[in-house]
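Q: Just dropping this structure here.
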Amino acid sequence: MSEKMTYSKQARKLAREELQRQESSFAYKYGEASEEELLKYLWHSARQLGFTPWDNDIVGVAVLKRRLGAWPLVLKKAGLKFTPAQERADTPNLFVREAQQQEIYHQRALAAMQNHDRDFRQQHGGDSDEDILEYLRGWAVRLKHTPNQCEVQGGGYIRERFGGWDKAVKRAGLSEPPNNPPKLFNRLVYLDELKRQRRLAREEQQIAAENEKVIYVAPTLG
């Protein structure tokens, strides 16, 4: 991942939400941890980064400061020296790193949604009308309202197949959808795909980590 990669407003929003989640998780796990455990976490973070972290480089700084004092004192207790700016080169801080990662998930989700819409006709063109209508009813249950065309995968195909979106929802026995559908990034169909892309990325990382492991084979004796 390029350090100079840009990121969108949506990626910044997702990064803030993710870092808030990580901070809450850290506080739950380490809020009452011993000083030794907190310092081990800081040493491990320094090894991962390749330099002594600043107080905007890692998760859990609020807990570390609350438990150990101001950041210079935290570093002193850990036996770590402050890293000058010139030694960091262009290494981005925690928020930028997270925003760059969230941009990848975001873009993958958008691309996958386009692919799903494109493939829906081929995958479901042979389904009966009732199958398609049941699909719409299922989305209505999940959303707790009649979906607009933009709120489901394959909405364009369904509109064409039934001669209009209003006719499709009427055939499904549903009421009229809301006049103002949620914006793209608040739609469940987008959030579902975003979650899927994050899960796929974690699986890719696990596979990569497994492939990097060196398997020791004991020499054959005699």
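FYI, nothing fancy with the structure tokens labels: chains A, B, ... in order, residues from 1 per chain, ligands from 1 as they appear.
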I'd like the contact shell of A:Lys170 - 12 Å cut-off, only C-alpha atoms, skipping same-chain residues fewer than 4 positions apart - returned as a ChimeraX atom specification.

A: /A:133,136-137,146-147,159,162-166,174-177

Q: If we count only C-alpha atoms and set the cut-off at 12 Å, which residues sit around A:Gly50, ignoring sequence neighbours fewer than 5 positions away in its own chain? Please answer as a PDB file with N, CA and C atoms, in the first residue's frame.

A:
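Writing the result to out-v1.pdb gives the following:
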```
ATOM      1  N   LEU A  42       3.694  -1.388  24.374  1.00  0.00           N
ATOM      2  CA  LEU A  42       4.397  -0.288  23.728  1.00  0.00           C
ATOM      3  C   LEU A  42       5.662  -0.775  23.019  1.00  0.00           C
ATOM      4  N   TRP A  43       6.406  -1.671  23.650  1.00  0.00           N
ATOM      5  CA  TRP A  43       7.606  -2.229  23.005  1.00  0.00           C
ATOM      6  C   TRP A  43       7.233  -2.983  21.730  1.00  0.00           C
ATOM      7  N   HIS A  44       6.156  -3.773  21.813  1.00  0.00           N
ATOM      8  CA  HIS A  44       5.706  -4.536  20.635  1.00  0.00           C
ATOM      9  C   HIS A  44       5.302  -3.580  19.509  1.00  0.00           C
ATOM     10  N   SER A  45       4.613  -2.500  19.862  1.00  0.00           N
ATOM     11  CA  SER A  45       4.195  -1.519  18.853  1.00  0.00           C
ATOM     12  C   SER A  45       5.407  -0.869  18.202  1.00  0.00           C
ATOM     13  N   ASP A  57       0.440   7.553  16.937  1.00  0.00           N
ATOM     14  CA  ASP A  57       0.853   6.436  16.076  1.00  0.00           C
ATOM     15  C   ASP A  57       0.189   5.105  16.413  1.00  0.00           C
ATOM     16  N   THR A  83      11.465   9.538  18.700  1.00  0.00           N
ATOM     17  CA  THR A  83      11.887   9.483  17.305  1.00  0.00           C
ATOM     18  C   THR A  83      11.746  10.859  16.651  1.00  0.00           C
ATOM     19  N   GLU A  87      13.606  11.040  11.159  1.00  0.00           N
ATOM     20  CA  GLU A  87      13.833   9.596  11.190  1.00  0.00           C
ATOM     21  C   GLU A  87      12.574   8.808  10.856  1.00  0.00           C
ATOM     22  N   ARG A  88      11.453   9.499  10.850  1.00  0.00           N
ATOM     23  CA  ARG A  88      10.190   8.839  10.482  1.00  0.00           C
ATOM     24  C   ARG A  88      10.013   8.774   8.973  1.00  0.00           C
ATOM     25  N   ALA A  89      10.801   9.539   8.261  1.00  0.00           N
ATOM     26  CA  ALA A  89      10.647   9.664   6.807  1.00  0.00           C
ATOM     27  C   ALA A  89       9.211  10.090   6.521  1.00  0.00           C
ATOM     28  N   THR A  91       6.517   8.095   7.074  1.00  0.00           N
ATOM     29  CA  THR A  91       5.626   7.142   7.729  1.00  0.00           C
ATOM     30  C   THR A  91       4.377   7.855   8.231  1.00  0.00           C
TER      31      THR A  91
END
```

Q: Which residue is closest to A:Arg196? Choose from A:Ala172, A:Met113, A:Ala78, A:Ala140 and count only C-alpha atoms.

A: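 Closest to A:Arg196 of all the choices is A:Met113.
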
Q: As a short mmCIF file (atom, residue, chain, number, x, y, z; two decimals) with C-alpha atoms, in the first residue's frame, please: the residues near A:Leu110 (cut-off 9 Å, only C-alpha atoms, same-chain neighbours under 6 positions excluded).

A:
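New file out04.cif:
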```cif
data_model
loop_
_atom_site.label_atom_id
_atom_site.label_comp_id
_atom_site.auth_asym_id
_atom_site.auth_seq_id
_atom_site.Cartn_x
_atom_site.Cartn_y
_atom_site.Cartn_z
CA TYR A 190 -23.34 -1.06 0.88
CA GLU A 193 -20.57 -5.43 1.10
CA LEU A 194 -18.15 -3.32 3.12
#
```

Q: Hey, what's within 10 Å of A:Gln153 if we count only C-alpha atoms and toss same-chain stuff fewer than 4 positions away? As a ChimeraX atom specification, please?

A: /A:113-120,139,149,157-158,189-190

Q: Selection from above, C-alpha atoms, as a PDB file, in the first residue's frame, can you write it?

A:
```
ATOM      1  CA  MET A 113     -21.616  -3.809  -5.861  1.00  0.00           C
ATOM      2  CA  GLN A 114     -21.267  -2.841  -9.518  1.00  0.00           C
ATOM      3  CA  ASN A 115     -20.311  -6.414 -10.364  1.00  0.00           C
ATOM      4  CA  HIS A 116     -23.250  -7.827  -8.413  1.00  0.00           C
ATOM      5  CA  ASP A 117     -25.676  -5.530 -10.230  1.00  0.00           C
ATOM      6  CA  ARG A 118     -24.146  -6.482 -13.576  1.00  0.00           C
ATOM      7  CA  ASP A 119     -24.322 -10.203 -12.817  1.00  0.00           C
ATOM      8  CA  PHE A 120     -27.809 -10.208 -11.259  1.00  0.00           C
ATOM      9  CA  TRP A 139     -35.292  -7.016   1.700  1.00  0.00           C
ATOM     10  CA  GLN A 149     -34.599   0.354  -6.365  1.00  0.00           C
ATOM     11  CA  TYR A 157     -33.144  -5.615 -13.678  1.00  0.00           C
ATOM     12  CA  ILE A 158     -36.199  -5.975 -11.397  1.00  0.00           C
ATOM     13  CA  VAL A 189     -26.532  -3.139   0.738  1.00  0.00           C
ATOM     14  CA  TYR A 190     -23.336  -1.055   0.879  1.00  0.00           C
TER      15      TYR A 190
END
```

Q: May I ask which of the residues A:Leu73, A:Ile58, A:Ala11, A:Val96 is the closest one to A:Ala46, counting only C-alpha atoms?

A: A:Ile58

Q: Between atom CA of A:Gln102 and atom CA of A:Lys13, what is the distance, to one decimal in Å?

A: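 Pair atom CA of A:Gln102 / atom CA of A:Lys13 returns 9.0 Å.
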
Q: Using DSSP on the backbone, list every residue of stretch 8-126 of chain A that comes out as alpha helix (DSSP H), and give them as a ChimeraX atom specification.

A: /A:9-30,35-49,61-68,71-78,85-88,94-124

Q: Please produce, as JSON lines, a per-residue contact table for stretch 55-144 of chain A versus stretch 32-35 of chain A (criterion: any atom at most 12 Å away, only C-alpha atoms considered), showing the nearest atom pair and its distance in Å to one decimal, sorted by chain then residue number.

A:
```
{"residue": "A:Val63", "atom": "CA", "partner": "A:Glu32", "partner_atom": "CA", "distance": 9.3}
{"residue": "A:Leu64", "atom": "CA", "partner": "A:Glu35", "partner_atom": "CA", "distance": 9.0}
{"residue": "A:Lys65", "atom": "CA", "partner": "A:Glu35", "partner_atom": "CA", "distance": 11.4}
{"residue": "A:Arg66", "atom": "CA", "partner": "A:Glu32", "partner_atom": "CA", "distance": 11.0}
{"residue": "A:Arg67", "atom": "CA", "partner": "A:Glu35", "partner_atom": "CA", "distance": 7.7}
{"residue": "A:Leu68", "atom": "CA", "partner": "A:Glu35", "partner_atom": "CA", "distance": 7.6}
{"residue": "A:Gly69", "atom": "CA", "partner": "A:Glu35", "partner_atom": "CA", "distance": 11.3}
{"residue": "A:Val74", "atom": "CA", "partner": "A:Glu35", "partner_atom": "CA", "distance": 10.2}
{"residue": "A:Lys77", "atom": "CA", "partner": "A:Glu35", "partner_atom": "CA", "distance": 9.4}
{"residue": "A:Ala78", "atom": "CA", "partner": "A:Glu35", "partner_atom": "CA", "distance": 9.8}
```

Q: Only C-alpha atoms, please: the residues just picked out, written as a PDB file, in the first residue's frame.

A:
```
ATOM      1  CA  VAL A  63      -4.990   4.516  28.491  1.00  0.00           C
ATOM      2  CA  LEU A  64      -1.192   4.639  28.489  1.00  0.00           C
ATOM      3  CA  LYS A  65      -1.166   8.323  29.439  1.00  0.00           C
ATOM      4  CA  ARG A  66      -3.822   7.857  32.099  1.00  0.00           C
ATOM      5  CA  ARG A  67      -1.923   4.989  33.671  1.00  0.00           C
ATOM      6  CA  LEU A  68       1.693   6.040  33.089  1.00  0.00           C
ATOM      7  CA  GLY A  69       1.706   9.820  32.693  1.00  0.00           C
ATOM      8  CA  VAL A  74       5.669   6.910  29.171  1.00  0.00           C
ATOM      9  CA  LYS A  77       9.475   4.267  31.629  1.00  0.00           C
ATOM     10  CA  ALA A  78       9.622   2.043  28.548  1.00  0.00           C
TER      11      ALA A  78
END
```

Q: Taking 3 positions as the minimum chain separation for residues in the same chain, which residues sit within 10 Å of A:Arg187 when counting only C-alpha atoms? Answer as a PyMOL selection string.

A: chain A and resi 143+150-152+181-184+190-192

Q: Generate the output file for the selected residues, C-alpha atoms, as a tab-separated table (two decimals), in the first residue's frame.

A:
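Contents of the output file selection_17.tsv:
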```tsv
chain	number	residue	atom	x	y	z
A	143	LEU	CA	-34.88	-2.85	5.96
A	150	CYS	CA	-31.21	1.63	-5.20
A	151	GLU	CA	-31.42	-0.28	-1.91
A	152	VAL	CA	-31.16	-3.78	-3.37
A	181	PRO	CA	-33.90	6.69	0.14
A	182	PRO	CA	-30.77	6.74	2.30
A	183	LYS	CA	-27.54	7.96	0.77
A	184	LEU	CA	-25.30	5.30	-0.71
A	190	TYR	CA	-23.34	-1.06	0.88
A	191	LEU	CA	-22.66	-1.79	4.55
A	192	ASP	CA	-23.12	-5.52	3.90
```
